[in-house]
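A.B. asks: Here you go, this is run_23.txt (compact mmCIF, C-alpha atoms).
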```
# COMPACT_ATOMS: atom_id res chain seq x y z
CA MET B 1 -37.38 0.31 -28.47
CA ILE B 2 -38.23 3.68 -27.05
CA LYS B 3 -35.84 6.55 -26.62
CA ALA B 4 -36.04 9.21 -23.91
CA LYS B 5 -34.36 12.51 -24.70
CA ILE B 6 -33.64 14.05 -21.34
CA LYS B 7 -32.52 17.57 -20.49
CA VAL B 8 -31.16 18.39 -17.05
CA THR B 9 -30.64 22.05 -16.19
CA LEU B 10 -29.63 23.94 -13.09
CA LYS B 11 -32.61 25.56 -11.39
CA MET B 12 -32.90 29.25 -12.25
CA SER B 13 -32.23 30.12 -8.60
CA ILE B 14 -28.84 28.39 -8.76
CA LEU B 15 -25.85 30.29 -10.10
CA ASP B 16 -24.25 28.60 -13.09
CA PRO B 17 -20.49 29.33 -13.06
CA GLN B 18 -19.95 27.63 -16.43
CA GLY B 19 -22.81 29.53 -18.03
CA SER B 20 -21.45 32.82 -16.64
CA ALA B 21 -18.00 32.10 -18.05
CA VAL B 22 -19.41 31.32 -21.50
CA GLU B 23 -21.65 34.36 -21.34
CA LYS B 24 -18.63 36.59 -20.63
CA ALA B 25 -16.70 34.99 -23.47
CA LEU B 26 -19.54 35.57 -25.94
CA ARG B 27 -19.84 39.21 -24.84
CA SER B 28 -16.10 39.67 -25.28
CA MET B 29 -16.61 38.34 -28.83
CA ASP B 30 -19.14 41.18 -29.30
CA TYR B 31 -22.24 39.00 -29.42
CA PRO B 32 -25.26 40.67 -27.83
CA VAL B 33 -25.92 37.93 -25.28
CA ASP B 34 -28.23 38.34 -22.30
CA SER B 35 -27.45 35.14 -20.49
CA VAL B 36 -26.17 31.58 -20.93
CA ARG B 37 -27.13 28.53 -18.90
CA ILE B 38 -25.40 25.20 -19.36
CA GLY B 39 -27.15 21.91 -18.86
CA LYS B 40 -26.88 18.25 -19.76
CA TYR B 41 -28.52 16.23 -22.49
CA MET B 42 -28.91 12.47 -22.13
CA GLU B 43 -30.50 9.73 -24.18
CA VAL B 44 -31.84 6.67 -22.44
CA VAL B 45 -33.09 3.79 -24.56
CA LEU B 46 -35.65 1.44 -23.07
CA PRO B 47 -36.65 -1.93 -24.50
CA GLU B 48 -39.96 -2.28 -26.32
CA GLU B 49 -41.58 -4.10 -23.39
CA ALA B 50 -41.04 -1.03 -21.18
CA ARG B 51 -43.23 1.13 -23.44
CA GLU B 52 -46.26 1.08 -21.20
CA ASN B 53 -44.44 2.37 -18.12
CA ALA B 54 -41.81 4.41 -19.96
CA GLU B 55 -42.92 7.76 -18.64
CA SER B 56 -42.98 6.74 -15.00
CA VAL B 57 -39.69 4.84 -15.31
CA ILE B 58 -37.95 7.85 -16.86
CA ASN B 59 -39.42 10.15 -14.23
CA GLU B 60 -38.13 7.84 -11.56
CA ILE B 61 -34.59 7.56 -12.89
CA CYS B 62 -34.43 11.31 -13.52
CA HIS B 63 -35.48 11.95 -9.96
CA LYS B 64 -33.27 9.31 -8.38
CA LEU B 65 -30.06 9.57 -10.35
CA LEU B 66 -29.95 11.64 -13.53
CA SER B 67 -30.78 14.91 -11.77
CA ASN B 68 -30.27 16.23 -8.26
CA PRO B 69 -33.65 17.75 -7.34
CA VAL B 70 -31.92 20.07 -4.87
CA ILE B 71 -30.21 22.02 -7.64
CA GLU B 72 -31.57 20.77 -10.96
CA ASP B 73 -34.74 20.46 -13.02
CA TYR B 74 -35.30 17.92 -15.77
CA SER B 75 -37.57 17.48 -18.73
CA PHE B 76 -37.83 14.75 -21.35
CA GLU B 77 -39.45 13.64 -24.56
CA LEU B 78 -40.16 10.07 -25.55
CA GLU B 79 -39.47 9.03 -29.08
CA ASP B 80 -39.91 5.78 -31.01
CA MET T 1 -12.60 1.97 18.19
CA LYS T 2 -13.90 0.19 15.11
CA ILE T 3 -13.50 2.51 12.15
CA GLY T 4 -14.41 1.69 8.57
CA ILE T 5 -13.13 3.67 5.60
CA VAL T 6 -15.10 3.04 2.42
CA ARG T 7 -13.10 2.74 -0.77
CA PHE T 8 -15.01 3.51 -3.96
CA PRO T 9 -13.63 3.15 -7.47
CA GLY T 10 -11.86 6.48 -7.87
CA SER T 11 -11.34 7.24 -4.18
CA ASN T 12 -7.84 8.59 -3.59
CA CYS T 13 -7.72 9.84 0.01
CA GLU T 14 -8.60 6.61 1.76
CA VAL T 15 -4.98 5.75 2.60
CA ASP T 16 -4.38 9.27 3.94
CA CYS T 17 -7.38 8.74 6.23
CA LEU T 18 -6.00 5.38 7.31
CA GLU T 19 -2.63 6.97 8.14
CA ALA T 20 -4.27 9.83 10.03
CA TRP T 21 -6.02 7.32 12.26
CA ARG T 22 -2.75 5.46 12.78
CA VAL T 23 -1.17 8.68 14.01
CA VAL T 24 -3.69 8.74 16.87
CA GLY T 25 -3.24 5.02 17.53
CA GLU T 26 -6.20 3.49 15.70
CA SER T 27 -6.27 0.85 12.98
CA PRO T 28 -9.25 1.31 10.69
CA VAL T 29 -10.59 -1.30 8.31
CA MET T 30 -10.81 -0.59 4.59
CA LEU T 31 -14.27 -1.43 3.25
CA TRP T 32 -14.85 -2.05 -0.44
CA HIS T 33 -17.94 -0.22 -1.70
CA LYS T 34 -19.53 -3.50 -2.81
CA GLU T 35 -19.84 -4.70 0.74
CA THR T 36 -23.34 -4.47 2.11
CA SER T 37 -22.98 -4.11 5.87
CA VAL T 38 -21.33 -1.68 8.28
CA LYS T 39 -22.64 -3.51 11.31
CA GLY T 40 -20.49 -3.25 14.40
CA PHE T 41 -18.60 -0.12 13.35
CA ASP T 42 -18.29 2.98 15.51
CA LEU T 43 -17.47 5.33 12.66
CA ILE T 44 -17.71 5.22 8.88
CA VAL T 45 -15.47 7.51 6.84
CA LEU T 46 -16.36 8.40 3.24
CA PRO T 47 -13.03 9.62 1.89
CA GLY T 48 -12.09 12.12 -0.77
CA GLY T 49 -11.33 11.43 -4.39
CA PHE T 50 -13.17 11.17 -7.66
CA SER T 51 -15.53 8.25 -7.21
CA TYR T 52 -16.77 7.01 -10.58
CA GLY T 53 -14.70 9.73 -12.24
CA ASP T 54 -17.16 12.38 -10.99
CA TYR T 55 -19.39 11.28 -13.88
CA LEU T 56 -22.89 12.75 -13.96
CA ARG T 57 -22.39 14.70 -10.70
CA THR T 58 -19.80 14.34 -7.96
CA GLY T 59 -20.81 11.58 -5.56
CA ALA T 60 -24.00 10.83 -7.50
CA ILE T 61 -23.11 7.32 -8.62
CA ALA T 62 -21.22 6.35 -5.46
CA ARG T 63 -24.34 7.19 -3.52
CA PHE T 64 -25.89 4.06 -5.09
CA SER T 65 -22.95 1.77 -4.31
CA PRO T 66 -24.15 -1.34 -2.46
CA ILE T 67 -22.60 -0.31 0.87
CA MET T 68 -24.42 3.04 0.93
CA GLU T 69 -27.79 1.59 1.82
CA ASP T 70 -26.42 0.35 5.11
CA VAL T 71 -24.33 3.51 5.65
CA ILE T 72 -27.56 5.52 5.36
CA HIS T 73 -29.32 3.16 7.76
CA PHE T 74 -26.35 3.37 10.14
CA ALA T 75 -26.43 7.20 10.04
CA GLN T 76 -30.18 7.32 10.56
CA ASN T 77 -29.71 5.25 13.68
CA GLY T 78 -27.18 7.64 15.16
CA GLY T 79 -23.95 6.12 13.78
CA LEU T 80 -21.07 8.51 13.16
CA VAL T 81 -20.46 9.17 9.47
CA LEU T 82 -17.70 11.54 8.36
CA GLY T 83 -17.59 12.61 4.71
CA ILE T 84 -14.53 14.44 3.51
CA CYS T 85 -14.52 16.21 0.13
CA ASN T 86 -16.00 13.64 -2.27
CA GLY T 87 -17.49 12.02 0.85
CA PHE T 88 -19.29 15.29 1.64
CA GLN T 89 -20.62 15.33 -1.93
CA MET T 90 -21.96 11.79 -1.44
CA LEU T 91 -23.66 12.80 1.82
CA THR T 92 -25.55 15.64 0.12
CA GLU T 93 -26.41 13.39 -2.84
CA CYS T 94 -27.96 10.77 -0.58
CA GLY T 95 -29.81 13.34 1.47
CA LEU T 96 -28.09 12.72 4.80
CA LEU T 97 -26.95 16.34 4.63
CA PRO T 98 -28.91 19.23 3.08
CA GLY T 99 -27.82 21.34 0.11
CA ALA T 100 -25.48 20.51 -2.75
CA LEU T 101 -21.95 21.17 -3.98
CA LEU T 102 -21.58 23.00 -7.27
CA ARG T 103 -18.69 23.89 -9.52
CA ASN T 104 -16.40 26.39 -7.81
CA GLU T 105 -17.16 30.00 -8.53
CA GLY T 106 -14.74 31.11 -11.23
CA LEU T 107 -14.43 27.47 -12.31
CA HIS T 108 -10.97 27.11 -10.77
CA PHE T 109 -9.88 23.90 -9.15
CA VAL T 110 -8.63 25.00 -5.74
CA CYS T 111 -5.70 23.26 -4.09
CA GLY T 112 -3.80 24.65 -1.14
CA PRO T 113 -3.84 25.57 2.53
CA GLN T 114 -7.04 27.21 3.71
CA TYR T 115 -7.97 28.91 6.96
CA LEU T 116 -11.13 27.71 8.65
CA LYS T 117 -13.02 28.89 11.67
CA VAL T 118 -14.36 26.24 14.03
CA GLU T 119 -17.95 27.26 14.73
CA ARG T 120 -18.84 24.42 17.09
CA ASN T 121 -16.91 22.31 19.53
CA ASP T 122 -19.84 20.47 21.09
CA LEU T 123 -19.73 17.67 18.51
CA PRO T 124 -18.05 14.26 18.54
CA TYR T 125 -15.95 15.61 15.65
CA THR T 126 -14.74 18.87 17.16
CA ASN T 127 -14.63 18.63 20.97
CA TYR T 128 -10.83 18.87 20.99
CA TYR T 129 -10.97 22.34 19.37
CA ASN T 130 -12.18 25.56 20.94
CA GLN T 131 -15.11 27.41 19.49
CA GLY T 132 -13.74 30.15 17.25
CA ASP T 133 -10.39 28.41 16.67
CA LEU T 134 -8.62 29.41 13.50
CA ILE T 135 -7.16 26.30 11.87
CA GLN T 136 -5.40 25.67 8.59
CA ILE T 137 -6.58 22.67 6.59
CA PRO T 138 -5.93 22.11 2.89
CA VAL T 139 -8.65 22.20 0.26
CA ASN T 140 -8.43 20.24 -2.97
CA HIS T 141 -11.54 20.34 -5.13
CA GLY T 142 -13.27 21.60 -8.24
CA GLU T 143 -16.80 21.28 -6.94
CA GLY T 144 -16.95 22.54 -3.39
CA ASN T 145 -19.23 25.51 -3.88
CA TYR T 146 -21.83 24.77 -1.23
CA THR T 147 -25.33 25.92 -2.02
CA ILE T 148 -28.72 25.58 -0.44
CA ALA T 149 -32.09 27.30 -0.96
CA ASP T 150 -32.80 30.38 1.20
CA GLU T 151 -35.12 28.58 3.54
CA GLY T 152 -32.70 25.70 4.02
CA LEU T 153 -29.90 28.16 4.71
CA LYS T 154 -31.93 29.89 7.39
CA GLU T 155 -32.67 26.57 8.99
CA LEU T 156 -29.03 25.48 8.79
CA GLU T 157 -27.84 28.67 10.49
CA ALA T 158 -30.66 28.69 13.05
CA ASN T 159 -29.87 25.09 14.02
CA ASN T 160 -26.19 25.90 14.29
CA GLN T 161 -25.34 23.22 11.72
CA VAL T 162 -22.39 25.06 10.19
CA VAL T 163 -19.28 23.54 11.77
CA PHE T 164 -16.50 25.11 9.68
CA ARG T 165 -16.36 28.33 7.69
CA TYR T 166 -13.75 29.50 5.21
CA VAL T 167 -12.01 32.58 6.57
CA THR T 168 -9.03 34.85 5.89
CA SER T 169 -5.77 34.46 7.82
CA ASN T 170 -7.24 36.98 10.30
CA GLY T 171 -10.29 34.83 10.82
CA GLU T 172 -12.62 37.11 8.89
CA VAL T 173 -15.61 35.58 7.16
CA ASN T 174 -15.65 37.43 3.85
CA GLU T 175 -15.29 36.99 0.11
CA SER T 176 -11.51 37.06 0.10
CA GLY T 177 -11.43 34.19 2.58
CA ASN T 178 -13.78 32.12 0.45
CA PRO T 179 -11.97 29.84 -2.03
CA ASN T 180 -14.94 28.52 -3.99
CA GLY T 181 -17.99 30.77 -3.64
CA SER T 182 -19.74 28.70 -0.98
CA ILE T 183 -22.79 30.42 0.47
CA ASN T 184 -22.05 31.99 3.88
CA ASN T 185 -18.46 30.68 3.51
CA ILE T 186 -19.67 27.21 4.50
CA ALA T 187 -16.86 24.63 4.52
CA GLY T 188 -18.46 21.93 6.62
CA ILE T 189 -21.86 21.12 8.08
CA VAL T 190 -23.44 18.60 10.37
CA ASN T 191 -26.93 17.12 10.41
CA LYS T 192 -29.40 18.26 13.08
CA GLU T 193 -28.65 15.23 15.22
CA GLY T 194 -24.91 15.94 15.13
CA ASN T 195 -23.75 12.48 13.99
CA VAL T 196 -23.19 13.07 10.25
CA LEU T 197 -20.52 15.59 9.26
CA GLY T 198 -19.49 16.63 5.77
CA MET T 199 -16.63 18.96 4.94
CA MET T 200 -14.70 19.91 1.80
CA PRO T 201 -11.26 20.52 3.44
CA HIS T 202 -8.98 17.57 4.23
CA PRO T 203 -8.12 17.25 7.95
CA GLU T 204 -6.41 13.90 7.27
CA ARG T 205 -3.67 15.73 5.36
CA VAL T 206 -2.53 17.79 8.35
CA VAL T 207 -1.88 15.39 11.18
CA GLU T 208 1.92 15.51 11.39
CA GLU T 209 4.42 18.38 11.25
CA ILE T 210 6.45 16.57 8.62
CA ILE T 211 3.55 16.76 6.16
CA GLY T 212 2.83 20.43 6.77
CA GLY T 213 0.88 20.82 9.99
CA THR T 214 -1.20 19.24 12.69
CA ASP T 215 -4.37 21.34 12.67
CA GLY T 216 -6.42 18.42 11.36
CA LYS T 217 -5.31 16.03 14.07
CA GLY T 218 -7.80 17.59 16.49
CA MET T 219 -10.67 16.07 14.56
CA PHE T 220 -9.32 12.54 14.93
CA ILE T 221 -8.53 13.10 18.60
CA SER T 222 -12.02 14.55 19.12
CA ILE T 223 -13.73 11.49 17.63
CA LEU T 224 -11.58 9.14 19.67
CA LYS T 225 -12.09 11.05 22.93
CA ASP T 226 -15.82 11.15 22.34
CA TRP T 227 -15.88 7.41 21.76
CA GLU T 228 -13.77 6.73 24.86
CA ARG T 229 -16.07 8.90 26.95
CA ARG T 230 -19.12 7.06 25.67
CA MET T 231 -17.50 3.67 26.32
CA LYS T 232 -16.69 4.72 29.86
CA HIS T 233 -20.29 5.62 30.47
CA GLY T 234 -21.46 2.41 28.91
CA ALA T 235 -23.31 4.13 26.06
```
Could you spell out this file's structure in structure tokens?
C.D. replies:
Amino acid sequence: MIKAKIKVTLKMSILDPQGSAVEKALRSMDYPVDSVRIGKYMEVVLPEEARENAESVINEICHKLLSNPVIEDYSFELED
Amino acid sequence: MKIGIVRFPGSNCEVDCLEAWRVVGESPVMLWHKETSVKGFDLIVLPGGFSYGDYLRTGAIARFSPIMEDVIHFAQNGGLVLGICNGFQMLTECGLLPGALLRNEGLHFVCGPQYLKVERNDLPYTNYYNQGDLIQIPVNHGEGNYTIADEGLKELEANNQVVFRYVTSNGEVNESGNPNGSINNIAGIVNKEGNVLGMMPHPERVVEEIIGGTDGKGMFISILKDWERRMKHGA
């Protein structure tokens, strides 16, 4: 099997209301925080026979479903 | 008029939509999301709710429900598609409408009456209103913060695609009239062709005095009148 570790984050140009709220909370706790952005982490496990096309398959599913390209970016690592 | 209302797992406004149509004398058909054809319909309504529990992103999973392929095809061929709340989120997810809906600014779920300004009345959806009308339609959402990249926003405004804007009780377009942080106070938009409309507020909830108002009824009357006019002219 092959595991994809996928991160989906809001594009930098998009305001992140959750990140802003957490940022304010951390500042109110006296931590010297510049900014906070919140994203999603997903693990997708593919069967062994998908190894050859794993990268293109993960790209495709990230583009089609796991992220919304209008507002989000994604990145991933493949792991055995 | 043959109207189809699509019910997804987690939809919760489909019966309100059905009742709103009954108020203006129509009897829509409820379509399960696993159906694969919308052939023969004059209007498809994507109702509000929390399809698939809003998992991943609002509307993101519903957008891949079996019926959506034909809904997209229907819309691309000029069919009327109305997306309300979660339906609007689905329409942006599938690319029939530009932009996206984010978490509300301030993270609050908003639920209550909201003033809107009608920006256009030359659409099948709004011909019963006057341009500039101030109407009160409830909002009920956690992710209605409309956003779009600068260029897309310019295009949207230049093409006059903004149909409804959030305003104050005096009709002013400003921050205090904006419940969720939407860019340019956008509450509802239409595609360039004018046949696909998405809006966060719920017109189906204000169609009878007994349930708090009738400002939303105009949308249902508009659609019906537009259809009747087209039938009369054999379109």
A.B. asks: Find the residues of chain T in contact range of chain B, meaning any atom within 12 Å when counting only C-alpha atoms, and list them as a PyMOL selection string.
C.D. replies: chain T and resi 55-64+89-90+92-95+97-108+142-143+145-150+152+180-183
A.B. asks: Could you jot down the atom CA of B:Leu78 to atom CA of B:Lys3 separation for me, Å, one decimal place?
C.D. replies: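 We find that atom CA of B:Leu78 and atom CA of B:Lys3 lie 5.7 Å from each other.
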A.B. asks: In Å, how far is it from atom CA of T:Gly212 to atom CA of T:Cys111?
C.D. replies: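 Separation between atom CA of T:Gly212 and atom CA of T:Cys111: 14.1 Å.
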A.B. asks: Tell me which residues come within 10 Å of (-24.9, 31.2, -20.3), as a PyMOL selection string, counting all atoms listed in the file in the file's coordinates.
C.D. replies: chain B and resi 16-26+33-39
A.B. asks: What's around T:Thr36 at 8 Å? Count only C-alpha atoms, leave out sequence neighbours fewer than 6 positions away in its own chain, and write the answer as an MDAnalysis selection string.
C.D. replies: chainID T and resid 66:70
A.B. asks: In terms of the shortest atom-to-atom distance over all atoms listed in the file, which of T:Val162, T:Ala187, T:Val81, T:Met1 is closest to T:His202?
C.D. replies: T:Ala187
A.B. asks: Do you know which residues are at most 9 Å from T:Leu224 counting only C-alpha atoms, after dropping those on the same chain fewer than 2 positions away, and could you put them as an mmCIF file with C-alpha atoms, in the coordinates of the input?
C.D. replies:
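Contents of the output file part-v6.cif:
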```cif
data_model
loop_
_atom_site.group_PDB
_atom_site.id
_atom_site.type_symbol
_atom_site.label_atom_id
_atom_site.label_comp_id
_atom_site.auth_asym_id
_atom_site.auth_seq_id
_atom_site.Cartn_x
_atom_site.Cartn_y
_atom_site.Cartn_z
ATOM 1 C CA MET T 1 -12.600 1.970 18.190
ATOM 2 C CA VAL T 24 -3.690 8.740 16.870
ATOM 3 C CA GLU T 26 -6.200 3.490 15.700
ATOM 4 C CA PRO T 124 -18.050 14.260 18.540
ATOM 5 C CA TYR T 125 -15.950 15.610 15.650
ATOM 6 C CA MET T 219 -10.670 16.070 14.560
ATOM 7 C CA PHE T 220 -9.320 12.540 14.930
ATOM 8 C CA ILE T 221 -8.530 13.100 18.600
ATOM 9 C CA SER T 222 -12.020 14.550 19.120
ATOM 10 C CA ASP T 226 -15.820 11.150 22.340
ATOM 11 C CA TRP T 227 -15.880 7.410 21.760
ATOM 12 C CA GLU T 228 -13.770 6.730 24.860
ATOM 13 C CA ARG T 229 -16.070 8.900 26.950
#
```
A.B. asks: Just how far from atom CA of T:Pro138 is atom CA of T:Glu204, in Å to one decimal?
C.D. replies: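 Atom-to-atom, atom CA of T:Glu204 to atom CA of T:Pro138, that is 9.3 Å.
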A.B. asks: Find, counting only C-alpha atoms, the residue in B:Asp80, B:Asp73, B:Val8, B:Pro32 that gets nearest to B:Arg51.
C.D. replies: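 Ranked by minimum distance to B:Arg51, first place goes to B:Asp80.
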A.B. asks: Pick the closest to T:Val15 from T:Arg205, T:Val38, T:Asn178, T:Lys192: which is it, counting all atoms listed in the file?
C.D. replies: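 Closest to T:Val15 of all the choices is T:Arg205.
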A.B. asks: Enclose stretch 53-59 of chain T, meaning all of its atoms listed in the file, in a box aligned along x, y and z, pad it by 3 Å on each side, and list the centre and edge lengths in Å to one decimal, as lines of an AutoDock Vina configuration file.
C.D. replies:
```
center_x = -18.8
center_y = 12.2
center_z = -9.8
size_x = 14.2
size_y = 11.0
size_z = 14.4
```
A.B. asks: Considering all atoms listed in the file, state which residue in the set T:Val207, T:Ile223, T:Ile44, T:Val190 is at the smallest distance from T:Asp16.
C.D. replies: T:Val207
A.B. asks: Is there a way to complete stretch 28-48 of chain B with N, CA and C atoms and then write that out as a PDB file, keeping the file's coordinate frame?
C.D. replies:
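Heads up, here's the output in out-v3.pdb:
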```pdb
ATOM      1  N   SER B  28     -17.425  39.148 -24.873  1.00  0.00           N
ATOM      2  CA  SER B  28     -16.100  39.670 -25.280  1.00  0.00           C
ATOM      3  C   SER B  28     -15.880  39.457 -26.778  1.00  0.00           C
ATOM      4  N   MET B  29     -16.672  38.546 -27.372  1.00  0.00           N
ATOM      5  CA  MET B  29     -16.610  38.340 -28.830  1.00  0.00           C
ATOM      6  C   MET B  29     -17.606  39.250 -29.545  1.00  0.00           C
ATOM      7  N   ASP B  30     -18.205  40.174 -28.764  1.00  0.00           N
ATOM      8  CA  ASP B  30     -19.140  41.180 -29.300  1.00  0.00           C
ATOM      9  C   ASP B  30     -20.489  40.625 -29.729  1.00  0.00           C
ATOM     10  N   TYR B  31     -20.877  39.474 -29.163  1.00  0.00           N
ATOM     11  CA  TYR B  31     -22.240  39.000 -29.420  1.00  0.00           C
ATOM     12  C   TYR B  31     -23.175  39.597 -28.372  1.00  0.00           C
ATOM     13  N   PRO B  32     -24.343  40.042 -28.783  1.00  0.00           N
ATOM     14  CA  PRO B  32     -25.260  40.670 -27.830  1.00  0.00           C
ATOM     15  C   PRO B  32     -26.007  39.608 -27.017  1.00  0.00           C
ATOM     16  N   VAL B  33     -25.351  39.052 -26.032  1.00  0.00           N
ATOM     17  CA  VAL B  33     -25.920  37.930 -25.280  1.00  0.00           C
ATOM     18  C   VAL B  33     -26.449  38.407 -23.928  1.00  0.00           C
ATOM     19  N   ASP B  34     -27.659  37.986 -23.601  1.00  0.00           N
ATOM     20  CA  ASP B  34     -28.230  38.340 -22.300  1.00  0.00           C
ATOM     21  C   ASP B  34     -27.793  37.377 -21.205  1.00  0.00           C
ATOM     22  N   SER B  35     -27.912  36.092 -21.490  1.00  0.00           N
ATOM     23  CA  SER B  35     -27.450  35.140 -20.490  1.00  0.00           C
ATOM     24  C   SER B  35     -27.231  33.770 -21.124  1.00  0.00           C
ATOM     25  N   VAL B  36     -26.433  32.951 -20.466  1.00  0.00           N
ATOM     26  CA  VAL B  36     -26.170  31.580 -20.930  1.00  0.00           C
ATOM     27  C   VAL B  36     -26.324  30.646 -19.732  1.00  0.00           C
ATOM     28  N   ARG B  37     -27.028  29.572 -19.931  1.00  0.00           N
ATOM     29  CA  ARG B  37     -27.130  28.530 -18.900  1.00  0.00           C
ATOM     30  C   ARG B  37     -26.680  27.230 -19.545  1.00  0.00           C
ATOM     31  N   ILE B  38     -25.883  26.462 -18.820  1.00  0.00           N
ATOM     32  CA  ILE B  38     -25.400  25.200 -19.360  1.00  0.00           C
ATOM     33  C   ILE B  38     -26.080  24.034 -18.655  1.00  0.00           C
ATOM     34  N   GLY B  39     -26.494  23.076 -19.434  1.00  0.00           N
ATOM     35  CA  GLY B  39     -27.150  21.910 -18.860  1.00  0.00           C
ATOM     36  C   GLY B  39     -26.616  20.637 -19.483  1.00  0.00           C
ATOM     37  N   LYS B  40     -27.325  19.541 -19.232  1.00  0.00           N
ATOM     38  CA  LYS B  40     -26.880  18.250 -19.760  1.00  0.00           C
ATOM     39  C   LYS B  40     -27.986  17.649 -20.625  1.00  0.00           C
ATOM     40  N   TYR B  41     -27.570  16.938 -21.633  1.00  0.00           N
ATOM     41  CA  TYR B  41     -28.520  16.230 -22.490  1.00  0.00           C
ATOM     42  C   TYR B  41     -28.181  14.738 -22.434  1.00  0.00           C
ATOM     43  N   MET B  42     -29.164  13.919 -22.212  1.00  0.00           N
ATOM     44  CA  MET B  42     -28.910  12.470 -22.130  1.00  0.00           C
ATOM     45  C   MET B  42     -29.959  11.721 -22.945  1.00  0.00           C
ATOM     46  N   GLU B  43     -29.547  10.604 -23.503  1.00  0.00           N
ATOM     47  CA  GLU B  43     -30.500   9.730 -24.180  1.00  0.00           C
ATOM     48  C   GLU B  43     -30.529   8.396 -23.470  1.00  0.00           C
ATOM     49  N   VAL B  44     -31.692   7.963 -23.091  1.00  0.00           N
ATOM     50  CA  VAL B  44     -31.840   6.670 -22.440  1.00  0.00           C
ATOM     51  C   VAL B  44     -32.766   5.823 -23.315  1.00  0.00           C
ATOM     52  N   VAL B  45     -32.283   4.660 -23.704  1.00  0.00           N
ATOM     53  CA  VAL B  45     -33.090   3.790 -24.560  1.00  0.00           C
ATOM     54  C   VAL B  45     -33.670   2.664 -23.724  1.00  0.00           C
ATOM     55  N   LEU B  46     -34.968   2.507 -23.809  1.00  0.00           N
ATOM     56  CA  LEU B  46     -35.650   1.440 -23.070  1.00  0.00           C
ATOM     57  C   LEU B  46     -36.101   0.372 -24.055  1.00  0.00           C
ATOM     58  N   PRO B  47     -36.179  -0.872 -23.604  1.00  0.00           N
ATOM     59  CA  PRO B  47     -36.650  -1.930 -24.500  1.00  0.00           C
ATOM     60  C   PRO B  47     -38.144  -1.787 -24.778  1.00  0.00           C
ATOM     61  N   GLU B  48     -38.565  -2.389 -25.860  1.00  0.00           N
ATOM     62  CA  GLU B  48     -39.960  -2.280 -26.320  1.00  0.00           C
ATOM     63  C   GLU B  48     -40.954  -2.637 -25.199  1.00  0.00           C
TER      64      GLU B  48
END
```
